[in-house]
$ cat final.cif   # mmCIF, C-alpha atoms
data_entry
loop_
_atom_site.label_atom_id
_atom_site.label_comp_id
_atom_site.auth_asym_id
_atom_site.auth_seq_id
_atom_site.Cartn_x
_atom_site.Cartn_y
_atom_site.Cartn_z
CA MET A 153 59.65 139.10 96.08
CA ASN A 154 60.79 135.64 95.04
CA ARG A 155 57.59 133.68 95.68
CA PHE A 156 55.27 133.05 92.76
CA ARG A 157 52.31 130.92 91.74
CA LEU A 158 52.62 128.72 88.66
CA SER A 159 50.34 129.51 85.76
CA THR A 160 49.73 128.43 82.18
CA PHE A 161 52.73 128.73 79.87
CA PRO A 162 52.71 130.00 76.26
CA VAL A 163 52.55 127.21 73.70
CA ASP A 164 55.84 128.40 72.15
CA ASP A 165 57.64 127.36 75.36
CA TYR A 166 56.57 123.71 75.07
CA ASP A 167 59.52 121.29 75.56
CA THR A 168 61.90 124.07 76.61
CA SER A 169 63.46 124.96 79.97
CA VAL A 170 62.05 128.48 80.09
CA VAL A 171 60.19 130.38 82.79
CA ARG A 172 58.51 133.73 82.20
CA ILE A 173 58.12 136.49 84.79
CA GLU A 174 56.66 139.97 84.47
CA LYS A 175 59.28 142.58 83.57
CA SER A 176 58.83 144.63 86.74
CA ARG A 177 59.32 141.55 88.93
CA MET A 178 62.51 140.62 87.08
CA GLN A 179 63.87 144.12 87.61
CA GLU A 180 63.08 143.95 91.34
CA MET A 181 65.02 140.68 91.61
CA GLY A 182 67.95 141.84 89.47
CA ILE A 183 67.23 139.21 86.82
CA ARG A 184 68.01 139.98 83.19
CA GLU A 185 66.63 138.39 80.06
CA GLY A 186 68.38 135.04 79.58
CA ASP A 187 69.73 134.67 83.13
CA THR A 188 69.64 131.22 84.70
CA VAL A 189 67.41 130.88 87.75
CA LYS A 190 66.75 128.15 90.28
CA ILE A 191 63.08 127.18 90.52
CA SER A 192 62.00 125.31 93.65
CA GLY A 193 58.71 123.52 94.16
CA VAL A 194 58.52 119.91 95.33
CA LYS A 195 62.14 119.80 94.13
CA SER A 196 64.46 122.25 92.38
CA THR A 197 65.63 122.64 88.81
CA GLY A 198 67.18 125.31 86.61
CA ALA A 199 65.62 127.39 83.85
CA ILE A 200 66.28 130.32 81.54
CA CYS A 201 64.28 133.37 82.58
CA ARG A 202 62.38 135.33 79.95
CA SER A 203 60.08 138.29 80.44
CA VAL A 204 56.42 138.96 79.74
CA ASP A 205 54.69 142.32 79.91
CA ASP A 206 53.16 143.27 83.24
CA GLY A 207 49.56 142.08 83.37
CA TYR A 208 50.13 139.44 80.66
CA VAL A 209 47.31 136.88 80.48
CA ILE A 210 46.45 133.83 78.37
CA PRO A 211 42.79 133.00 77.58
CA ASN A 212 43.38 129.50 78.96
CA ASP A 213 44.45 130.77 82.41
CA SER A 214 42.66 129.18 85.35
CA GLU A 215 40.21 131.07 87.46
CA ILE A 216 41.32 131.03 91.11
CA THR A 217 38.97 131.34 94.07
CA TYR A 218 40.41 131.76 97.56
CA LEU A 219 38.10 130.29 100.15
CA ASN A 220 39.69 131.75 103.29
CA ASP A 221 39.70 135.38 104.37
CA ASN A 222 42.69 137.67 103.70
CA PRO A 223 44.52 135.32 101.30
CA VAL A 224 48.10 135.91 100.18
CA ILE A 225 47.92 136.65 96.43
CA LEU A 226 51.21 135.72 94.75
CA PRO A 227 52.41 137.02 91.38
CA GLN A 228 52.29 134.48 88.59
CA ILE A 229 55.16 132.71 86.86
CA ARG A 230 54.83 130.71 83.67
CA ALA A 231 57.02 127.60 83.67
CA SER A 232 57.31 125.35 80.62
CA ASN A 233 56.13 121.75 80.77
CA LEU A 234 59.67 120.39 81.29
CA VAL A 235 60.38 122.78 84.15
CA LEU A 236 57.00 122.00 85.67
CA GLN A 237 57.58 118.25 85.54
CA ASN A 238 60.91 118.61 87.31
CA ILE A 239 59.70 120.82 90.18
CA ASN A 240 56.25 119.34 90.70
CA ARG A 241 56.11 115.61 90.15
CA HIS A 242 52.94 115.34 92.19
CA GLY A 243 49.99 117.56 92.89
CA ALA A 244 48.04 120.33 91.25
CA GLY A 245 49.47 122.81 88.80
CA LEU A 246 49.08 126.17 90.50
CA ILE A 247 51.50 125.48 93.33
CA PRO A 248 53.47 128.29 94.98
CA ILE A 249 57.19 128.17 94.12
CA THR A 250 60.33 130.20 94.78
CA VAL A 251 62.75 131.71 92.28
CA GLU A 252 66.41 132.48 92.89
CA LYS A 253 68.92 133.97 90.46
CA ILE A 254 72.00 131.73 90.40
CA HIS A 255 74.24 133.44 87.82
CA ASP A 256 74.21 135.89 84.94
CA GLY A 257 73.47 134.32 81.59
CA THR A 258 73.89 130.55 81.31
CA VAL A 259 76.80 128.17 81.90
CA PRO A 260 77.37 125.69 79.03
CA ALA A 261 77.47 122.06 80.17
CA SER A 262 80.61 120.24 79.08
CA ARG A 263 79.28 116.82 80.11
CA VAL A 264 75.84 115.47 81.03
CA CYS A 265 75.34 111.92 82.25
CA MET A 266 71.90 110.33 81.80
CA MET A 267 70.41 107.13 83.15
CA LEU A 268 68.07 105.43 80.72
CA LEU A 269 64.57 104.86 82.12
CA ASN A 270 63.48 102.44 79.40
CA SER A 271 64.89 99.03 78.54
CA ASN A 272 67.06 98.82 75.42
CA PRO A 273 66.25 102.19 73.80
CA ASN A 274 67.97 103.12 70.55
CA THR A 275 70.29 106.00 71.43
CA SER A 276 72.38 105.84 68.27
CA LYS A 277 70.53 108.72 66.60
CA ILE A 278 70.31 110.91 69.66
CA GLY A 279 72.43 114.03 69.51
CA THR A 280 72.44 117.34 71.29
CA GLU A 281 70.19 118.82 68.58
CA LYS A 282 67.31 117.00 70.30
CA ILE A 283 67.87 118.87 73.56
CA ASP A 284 70.04 121.83 72.54
CA GLY A 285 69.41 124.80 74.81
CA LEU A 286 67.92 122.94 77.77
CA VAL A 287 69.13 123.87 81.25
CA VAL A 288 69.50 120.66 83.26
CA SER A 289 70.49 119.68 86.79
CA LYS A 290 70.97 116.45 88.73
CA ASP A 291 67.76 114.40 89.18
CA ASP A 292 65.96 116.15 86.30
CA ARG A 293 63.93 113.97 83.95
CA PHE A 294 62.90 114.40 80.36
CA MET A 295 61.81 112.41 77.33
CA PHE A 296 63.50 111.93 73.98
CA HIS A 297 60.83 112.04 71.27
CA ASP A 298 61.25 110.46 67.84
CA THR A 299 59.00 109.90 64.84
CA ASP A 300 59.28 106.19 65.62
CA PRO A 301 57.48 105.61 68.96
CA GLN A 302 59.87 102.73 69.73
CA ASN A 303 62.66 105.29 69.96
CA ASN A 304 60.88 107.40 72.60
CA PHE A 305 62.54 107.00 75.96
CA GLY A 306 63.03 108.80 79.24
CA CYS A 307 66.23 109.85 80.98
CA LEU A 308 67.21 110.74 84.53
CA ILE A 309 70.07 113.25 84.79
CA THR A 310 72.69 111.78 87.15
CA SER A 311 75.40 114.45 86.82
CA VAL A 312 76.10 117.78 85.12
CA GLU A 313 79.52 119.36 84.64
CA PRO A 314 81.02 121.86 85.34
CA ALA A 315 78.14 123.60 87.18
CA ASP A 316 75.10 122.30 89.07
CA TYR A 317 72.86 123.99 86.48
CA GLY A 318 74.22 123.75 82.94
CA GLN A 319 72.87 124.45 79.47
CA ILE A 320 73.22 121.71 76.87
CA THR A 321 74.88 122.90 73.65
CA LYS A 322 76.12 121.22 70.47
CA ASP A 323 79.48 120.76 72.21
CA THR A 324 78.06 119.00 75.27
CA HIS A 325 79.17 115.38 75.66
CA LEU A 326 76.12 113.20 76.38
CA GLU A 327 76.89 110.03 78.28
CA PHE A 328 74.23 107.35 78.63
CA VAL A 329 74.35 104.76 81.43
CA SER A 330 72.13 101.75 81.94
CA ALA A 331 69.34 101.77 84.45
CA ASN A 332 70.06 100.75 88.01
CA PRO A 333 66.89 99.08 89.34
CA GLY A 334 67.45 100.33 92.90
CA VAL A 335 68.08 103.90 91.79
CA LEU A 336 65.11 103.79 89.43
CA ARG A 337 62.74 102.64 92.16
CA SER A 338 64.00 105.35 94.47
CA SER A 339 64.03 108.18 91.93
CA SER A 340 60.57 107.43 90.61
CA GLY A 341 58.81 107.99 93.89
CA GLY A 342 61.21 108.81 96.70
CA PRO A 343 63.23 106.32 98.75
CA VAL A 344 62.42 102.65 99.02
CA LEU A 345 61.54 102.29 102.70
CA GLU A 346 63.24 99.34 104.38
CA LYS A 347 63.58 98.18 108.01
CA LEU A 348 61.39 100.23 110.32
CA GLN A 349 63.43 101.75 113.16
CA ASP A 350 60.91 103.73 115.15
CA VAL A 351 57.50 105.38 115.20
CA ILE A 352 57.54 108.86 116.75
CA PRO A 353 54.16 110.23 117.91
CA ILE A 354 53.38 113.72 116.63
CA VAL A 355 49.71 113.84 117.68
CA TYR A 356 49.13 117.11 115.86
CA GLU A 357 45.58 118.29 115.18
CA GLU A 358 44.39 121.81 114.37
CA ASP A 359 41.26 123.49 113.04
CA ARG A 360 41.98 126.52 110.87
CA ASN A 361 40.00 128.19 108.10
CA SER A 362 37.20 125.62 108.45
CA VAL A 363 39.63 122.74 107.85
CA ASN A 364 40.71 120.07 110.32
CA VAL A 365 44.29 118.82 109.82
CA MET A 366 45.82 115.86 111.64
CA ILE A 367 49.28 114.21 111.54
CA PRO A 368 49.41 111.29 113.99
CA SER A 369 53.05 110.13 113.76
CA ILE A 370 56.20 109.80 111.66
CA GLU A 371 57.78 106.43 110.84
CA ILE A 372 61.59 106.26 110.70
CA PHE A 373 63.22 103.65 108.45
CA ASP A 374 66.85 102.83 107.69
CA THR A 375 66.38 104.35 104.24
CA GLY A 376 64.03 107.25 104.92
CA PHE A 377 60.79 108.26 106.63
CA ARG A 378 57.03 108.27 106.10
CA PHE A 379 54.09 110.19 107.55
CA TYR A 380 50.38 110.53 106.83
CA LEU A 381 48.38 113.76 106.70
CA TYR A 382 44.59 113.79 107.14
CA ILE A 383 42.41 116.74 106.11
CA LYS A 384 38.68 117.22 106.52
CA SER A 385 36.35 120.12 105.75
CA ASP A 386 32.66 120.83 105.32
CA PHE A 387 33.03 123.79 102.94
CA ASP A 388 29.76 124.30 101.16
CA SER A 389 29.43 122.94 97.64
CA ASN A 390 28.97 126.34 95.99
CA ARG A 391 32.51 127.24 97.05
CA MET A 392 34.14 123.94 96.10
CA ASN A 393 34.05 123.50 92.34
CA LYS A 394 30.70 121.72 92.35
CA GLY A 395 31.95 118.94 94.60
CA SER A 396 34.09 117.18 91.99
CA GLY A 397 37.74 117.33 91.08
CA HIS A 398 41.22 116.69 92.36
CA VAL A 399 42.45 117.65 95.85
CA SER A 400 46.16 118.38 96.35
CA VAL A 401 48.17 119.68 99.29
CA ILE A 402 51.36 121.75 99.45
CA VAL A 403 53.51 120.36 102.27
CA THR A 404 57.11 121.07 103.31
CA LEU A 405 59.40 119.54 105.91
CA GLU A 406 62.45 121.26 107.43
CA ASP A 407 64.87 120.31 110.20
CA ASP A 408 66.15 122.49 113.05
CA LEU A 409 69.31 123.26 111.05
CA GLY A 410 67.25 124.89 108.30
CA ASN A 411 67.61 122.03 105.80
CA PRO A 412 64.56 121.31 103.61
CA TYR A 413 63.70 117.75 102.56
CA ASP A 414 62.14 116.68 99.28
CA LEU A 415 58.83 114.96 99.92
CA SER A 416 57.46 112.42 97.48
CA SER A 417 53.70 112.02 97.49
CA HIS A 418 52.43 108.46 97.34
CA GLY A 419 48.86 109.26 96.58
CA GLY A 420 46.00 109.32 98.94
CA GLY A 421 42.36 108.60 99.09
CA GLY A 422 39.13 110.04 100.26
CA THR A 423 35.92 111.68 99.21
CA HIS A 424 35.04 115.02 97.65
CA SER A 425 31.34 115.77 97.49
CA VAL A 426 28.75 118.50 97.87
CA GLU A 427 29.05 118.04 101.62
CA GLY A 428 32.79 118.74 101.73
CA PHE A 429 35.90 116.60 101.51
CA GLU A 430 37.93 114.15 103.57
CA TYR A 431 41.34 112.98 102.35
CA ARG A 432 44.46 111.14 103.47
CA HIS A 433 47.87 111.88 101.91
CA GLU A 434 51.08 109.84 102.30
CA PHE A 435 54.57 111.35 102.10
CA HIS A 436 58.04 109.76 101.94
CA GLY A 437 61.49 111.32 102.26
CA ARG A 438 65.16 110.47 102.51
CA PRO A 439 67.03 109.96 105.83
CA PHE A 440 67.69 112.87 108.16
CA GLY A 441 71.19 113.98 109.06
CA SER A 442 72.74 112.49 112.20
CA ASP A 443 72.82 115.88 113.95
CA VAL A 444 69.13 116.71 113.37
CA LYS A 445 67.23 117.14 116.63
CA SER A 446 63.77 118.32 115.52
CA LEU A 447 61.55 118.65 112.47
CA THR A 448 58.83 121.04 111.32
CA ILE A 449 56.02 119.93 109.00
CA THR A 450 53.96 122.68 107.35
CA LEU A 451 50.81 122.32 105.28
CA HIS A 452 50.72 125.57 103.30
CA GLU A 453 47.72 125.15 101.02
CA ILE A 454 44.94 122.85 99.92
CA LEU A 455 44.13 123.06 96.21
CA MET A 456 40.92 121.75 94.68
CA GLN A 457 41.04 121.49 90.91
CA GLU A 458 37.94 121.14 88.77
CA ARG A 459 38.24 118.46 86.10
CA PHE A 460 38.37 118.99 82.37
CA PRO A 461 35.12 118.13 80.60
CA PRO A 462 35.38 114.51 79.39
CA GLY A 463 37.16 114.25 76.06
CA ASN A 464 38.00 117.95 75.82
CA ALA A 465 41.50 118.03 77.35
CA SER A 466 44.27 117.79 74.79
CA PHE A 467 47.57 119.22 73.72
CA GLY A 468 47.41 119.11 69.95
CA ARG A 469 47.11 115.40 69.12
CA LYS A 470 48.47 114.27 72.48
CA PRO A 471 45.86 113.05 75.01
CA MET A 472 46.08 114.70 78.40
CA ARG A 473 44.98 113.32 81.74
CA ALA A 474 42.12 115.14 83.36
CA THR A 475 44.26 116.74 86.06
CA LYS A 476 47.57 117.13 84.21
CA PHE A 477 48.88 120.70 84.29
CA GLU A 478 49.88 121.45 80.69
CA TYR A 479 48.86 124.10 78.22
CA ALA A 480 45.83 123.12 76.13
CA LYS A 481 45.42 124.85 72.78
CA ILE A 482 41.64 124.75 72.77
CA ASP A 483 40.34 124.23 76.27
CA LYS A 484 40.38 126.66 79.14
CA PHE A 485 42.37 125.20 82.02
CA PRO A 486 40.16 124.08 84.93
CA SER A 487 39.42 126.45 87.76
CA PHE A 488 40.94 126.13 91.23
CA SER A 489 39.70 126.75 94.73
CA ILE A 490 42.47 127.33 97.27
CA ILE A 491 42.45 127.23 101.06
CA GLN A 492 45.56 128.74 102.62
CA GLY A 493 47.00 127.86 106.03
CA PRO A 494 49.48 127.47 107.35
CA TRP A 495 48.97 124.42 109.53
CA LYS A 496 52.33 123.88 111.22
CA THR A 497 53.83 121.58 113.84
CA SER A 498 57.34 120.99 115.23
CA PHE A 499 58.46 117.90 117.14
CA ALA A 500 61.67 116.39 118.55
CA LEU A 501 63.39 113.33 117.15
CA LYS A 502 64.63 110.53 119.37
CA ASP A 503 68.33 109.68 119.59
CA ARG A 504 68.20 107.00 116.92
CA HIS A 505 71.45 107.54 115.00
CA HIS A 506 73.94 105.72 117.18
CA SER A 507 74.96 102.29 115.97
CA ASP A 508 77.11 99.52 117.45
#
$ encode --input "final.cif" --output "structure tokens"
Amino acid sequence: MNRFRLSTFPVDDYDTSVVRIEKSRMQEMGIREGDTVKISGVKSTGAICRSVDDGYVIPNDSEITYLNDNPVILPQIRASNLVLQNINRHGAGLIPITVEKIHDGTVPASRVCMMLLNSNPNTSKIGTEKIDGLVVSKDDRFMFHDTDPQNNFGCLITSVEPADYGQITKDTHLEFVSANPGVLRSSSGGPVLEKLQDVIPIVYEEDRNSVNVMIPSIEIFDTGFRFYLYIKSDFDSNRMNKGSGHVSVIVTLEDDLGNPYDLSSHGGGGTHSVEGFEYRHEFHGRPFGSDVKSLTITLHEILMQERFPPGNASFGRKPMRATKFEYAKIDKFPSFSIIQGPWKTSFALKDRHHSD
């Protein structure tokens, strides 16, 4: 089995690129201690796989309640904060992800190119000792931390050599390039949508597991696409984390050729009360290939996360947002209620790729 559900990671893995899987699961997948694996959530990244004993738990682990009948219970995987940030830039923490072994051991990176995400950072003191051991891939992000806050800055990985997933060592050449405003805007939240080409009606609506899901249309732009997803439910308050918290959805899009597309979430809005919830979510993605004829949108899960008690969510001395999925030394991580689908629709694309 290569599908897992993210869970709390041990504090010793903070600021590493490590994932931990139960020993029996690693054996089933042919993964050895220290192998590099590909982790895919909203997007993909690489990580070093380490083992934990079967049945391993952390006191901070979230309690999970499945609201629908006959739920699919996935084994847990514990991904460090850096891995988590690079596979799940939006949404709740306990998302389902996939794991794939890509090669035995790790491949040292000879060269890593990074785009600076802050203006005029001081990179003169930055060496590989700051990030030695990290497995990185194109489009990953991470922060350089320094005792002087003015020297803290973020980077976007633009290339890794010689392999797609490489481990930074003391011999890795780090190359810093200045920020490109257009690339930064795109990388921070998906493509910048320009020049609307067409609006294709989807007119999908389905009631499943006491939830109504609707996707009215998809908008095609020169630089990407956009669609809106509406969900509504009247689940009773005793089954919905006391009617307060954060609602996230796990959505994928795939074309008829089997190609998946990264979806960037651009927030949403709605209500979550003792009477149920009603939300709208907006998704953007990059252009489709010229030979794509149809698309399939799937809503896999709806996750409702209870909030941390005010003022009690922290990682050491670092404040933590109420819904941010990171290990907290003191506080138990909030509980989740999950409604599983799937809600799924396929539709044809118009012949829009020909140009004069």
$ resolve_selection --input "final.cif" --expression "the PyMOL selection byres ((chain A and resi 317-322) around 8)" --output "JSON, numbers by chain"
{"A": [197, 198, 258, 259, 260, 261, 262, 264, 280, 281, 283, 284, 285, 286, 287, 288, 289, 312, 313, 314, 315, 316, 323, 324]}
$ residues_near_point --input "final.cif" --point "(71.0, 131.3, 91.3)" --cutoff "9 Å" --atoms "all atoms listed in the file" --output "tab-separated table (two decimals) with C-alpha atoms, keeping the file's coordinate frame"
chain	number	residue	atom	x	y	z
A	187	ASP	CA	69.73	134.67	83.13
A	188	THR	CA	69.64	131.22	84.70
A	189	VAL	CA	67.41	130.88	87.75
A	190	LYS	CA	66.75	128.15	90.28
A	191	ILE	CA	63.08	127.18	90.52
A	198	GLY	CA	67.18	125.31	86.61
A	251	VAL	CA	62.75	131.71	92.28
A	252	GLU	CA	66.41	132.48	92.89
A	253	LYS	CA	68.92	133.97	90.46
A	254	ILE	CA	72.00	131.73	90.40
A	255	HIS	CA	74.24	133.44	87.82
A	256	ASP	CA	74.21	135.89	84.94
A	317	TYR	CA	72.86	123.99	86.48
$ closest_residue --input "final.cif" --among "A:Ser176, A:Asn411, A:Ser159, A:Ser498" --to "Ile247 of chain A" --atoms "only C-alpha atoms"
A:Ser159
$ resolve_selection --input "final.cif" --expression "the PyMOL selection byres ((chain A and resi 363-370) around 9)" --output "PDB file with C-alpha atoms, in the coordinates of the input"
ATOM      1  CA  ASP A 350      60.910 103.730 115.150  1.00  0.00           C
ATOM      2  CA  VAL A 351      57.500 105.380 115.200  1.00  0.00           C
ATOM      3  CA  ILE A 352      57.540 108.860 116.750  1.00  0.00           C
ATOM      4  CA  PRO A 353      54.160 110.230 117.910  1.00  0.00           C
ATOM      5  CA  ILE A 354      53.380 113.720 116.630  1.00  0.00           C
ATOM      6  CA  VAL A 355      49.710 113.840 117.680  1.00  0.00           C
ATOM      7  CA  TYR A 356      49.130 117.110 115.860  1.00  0.00           C
ATOM      8  CA  GLU A 357      45.580 118.290 115.180  1.00  0.00           C
ATOM      9  CA  GLU A 358      44.390 121.810 114.370  1.00  0.00           C
ATOM     10  CA  ASP A 359      41.260 123.490 113.040  1.00  0.00           C
ATOM     11  CA  ARG A 360      41.980 126.520 110.870  1.00  0.00           C
ATOM     12  CA  ASN A 361      40.000 128.190 108.100  1.00  0.00           C
ATOM     13  CA  SER A 362      37.200 125.620 108.450  1.00  0.00           C
ATOM     14  CA  GLU A 371      57.780 106.430 110.840  1.00  0.00           C
ATOM     15  CA  ILE A 372      61.590 106.260 110.700  1.00  0.00           C
ATOM     16  CA  PHE A 377      60.790 108.260 106.630  1.00  0.00           C
ATOM     17  CA  ARG A 378      57.030 108.270 106.100  1.00  0.00           C
ATOM     18  CA  PHE A 379      54.090 110.190 107.550  1.00  0.00           C
ATOM     19  CA  TYR A 380      50.380 110.530 106.830  1.00  0.00           C
ATOM     20  CA  LEU A 381      48.380 113.760 106.700  1.00  0.00           C
ATOM     21  CA  TYR A 382      44.590 113.790 107.140  1.00  0.00           C
ATOM     22  CA  ILE A 383      42.410 116.740 106.110  1.00  0.00           C
ATOM     23  CA  LYS A 384      38.680 117.220 106.520  1.00  0.00           C
ATOM     24  CA  SER A 385      36.350 120.120 105.750  1.00  0.00           C
ATOM     25  CA  ASP A 386      32.660 120.830 105.320  1.00  0.00           C
ATOM     26  CA  PHE A 387      33.030 123.790 102.940  1.00  0.00           C
ATOM     27  CA  LEU A 451      50.810 122.320 105.280  1.00  0.00           C
ATOM     28  CA  ILE A 491      42.450 127.230 101.060  1.00  0.00           C
ATOM     29  CA  TRP A 495      48.970 124.420 109.530  1.00  0.00           C
ATOM     30  CA  THR A 497      53.830 121.580 113.840  1.00  0.00           C
TER      31      THR A 497
END
$ closest_residue --input "final.cif" --among "A:Glu174, A:Asp408, A:Asp291, A:Glu427" --to "Asp205 of chain A" --atoms "all atoms listed in the file"
A:Glu174
$ closest_residue --input "final.cif" --among "A:Ala500, A:Glu185, A:Leu405, A:Ile454" --to "Tyr218 of chain A" --atoms "all atoms listed in the file"
A:Ile454
$ atom_distance --input "final.cif" --atom1 "atom CA of Asp221 of chain A" --atom2 "atom CA of His452 of chain A"
14.8 Å
$ closest_residue --input "final.cif" --among "A:Val444, A:Ile225, A:Val401, A:Ile309" --to "Gln457 of chain A" --atoms "all atoms listed in the file"
A:Val401
$ residues_around --input "final.cif" --residues "Lys347 of chain A" --least-positions-apart "2" --cutoff "8 Å" --atoms "all atoms listed in the file" --output "JSON, numbers by chain"
{"A": [345, 349, 373, 374, 375]}
$ atom_distance --input "final.cif" --atom1 "atom CA of Ser442 of chain A" --atom2 "atom CA of Glu406 of chain A"
14.3 Å
$ resolve_selection --input "final.cif" --expression "the PyMOL selection byres ((chain A and resi 181) around 8)" --output "ChimeraX atom specification"
/A:153-154,177-180,182-183,253
$ atom_distance --input "final.cif" --atom1 "atom CA of Gly306 of chain A" --atom2 "atom CA of Ala231 of chain A"
20.2 Å
$ closest_residue --input "final.cif" --among "A:Pro343, A:Pro494, A:Gly193, A:Gly186" --to "Leu158 of chain A" --atoms "only C-alpha atoms"
A:Gly193
$ closest_residue --input "final.cif" --among "A:Ser417, A:Ser400, A:Thr160, A:Ser487" --to "Pro211 of chain A" --atoms "all atoms listed in the file"
A:Thr160
$ residues_around --input "final.cif" --residues "Val171 of chain A" --least-positions-apart "4" --cutoff "9 Å" --atoms "all atoms listed in the file" --output "PyMOL selection string"
chain A and resi 161+165+189+191+199-203+229-232+235
$ axis_aligned_box --input "final.cif" --around "segment 354-361 of chain A" --padding-each-side "3 Å" --output "AutoDock Vina command-line options"
--center_x 46.7 --center_y 121.0 --center_z 112.9 --size_x 19.4 --size_y 20.5 --size_z 15.6
$ decode --input "final.cif" --residues "segment 433-459 of chain A" --atoms "C-alpha atoms" --output "short mmCIF file (atom, residue, chain, number, x, y, z; two decimals), in the first residue's frame"
data_model
loop_
_atom_site.label_atom_id
_atom_site.label_comp_id
_atom_site.auth_asym_id
_atom_site.auth_seq_id
_atom_site.Cartn_x
_atom_site.Cartn_y
_atom_site.Cartn_z
CA HIS A 433 -13.47 26.94 -2.58
CA GLU A 434 -11.51 28.38 -5.53
CA PHE A 435 -8.81 26.45 -7.41
CA HIS A 436 -6.27 27.53 -10.05
CA GLY A 437 -3.96 25.45 -12.25
CA ARG A 438 -1.54 25.70 -15.13
CA PRO A 439 -2.52 25.27 -18.82
CA PHE A 440 -3.57 21.89 -20.18
CA GLY A 441 -1.65 20.13 -22.91
CA SER A 442 -2.77 20.73 -26.50
CA ASP A 443 -3.81 17.09 -26.94
CA VAL A 444 -6.02 16.92 -23.82
CA LYS A 445 -9.65 16.13 -24.67
CA SER A 446 -11.31 15.71 -21.26
CA LEU A 447 -10.77 16.32 -17.56
CA THR A 448 -11.84 14.62 -14.33
CA ILE A 449 -12.27 16.56 -11.08
CA THR A 450 -12.50 14.52 -7.88
CA LEU A 451 -13.34 15.73 -4.39
CA HIS A 452 -11.91 12.99 -2.18
CA GLU A 453 -12.48 14.28 1.35
CA ILE A 454 -13.80 17.13 3.44
CA LEU A 455 -11.78 17.77 6.61
CA MET A 456 -13.07 19.80 9.53
CA GLN A 457 -10.37 20.78 11.99
CA GLU A 458 -11.12 22.00 15.49
CA ARG A 459 -9.14 25.07 16.49
#
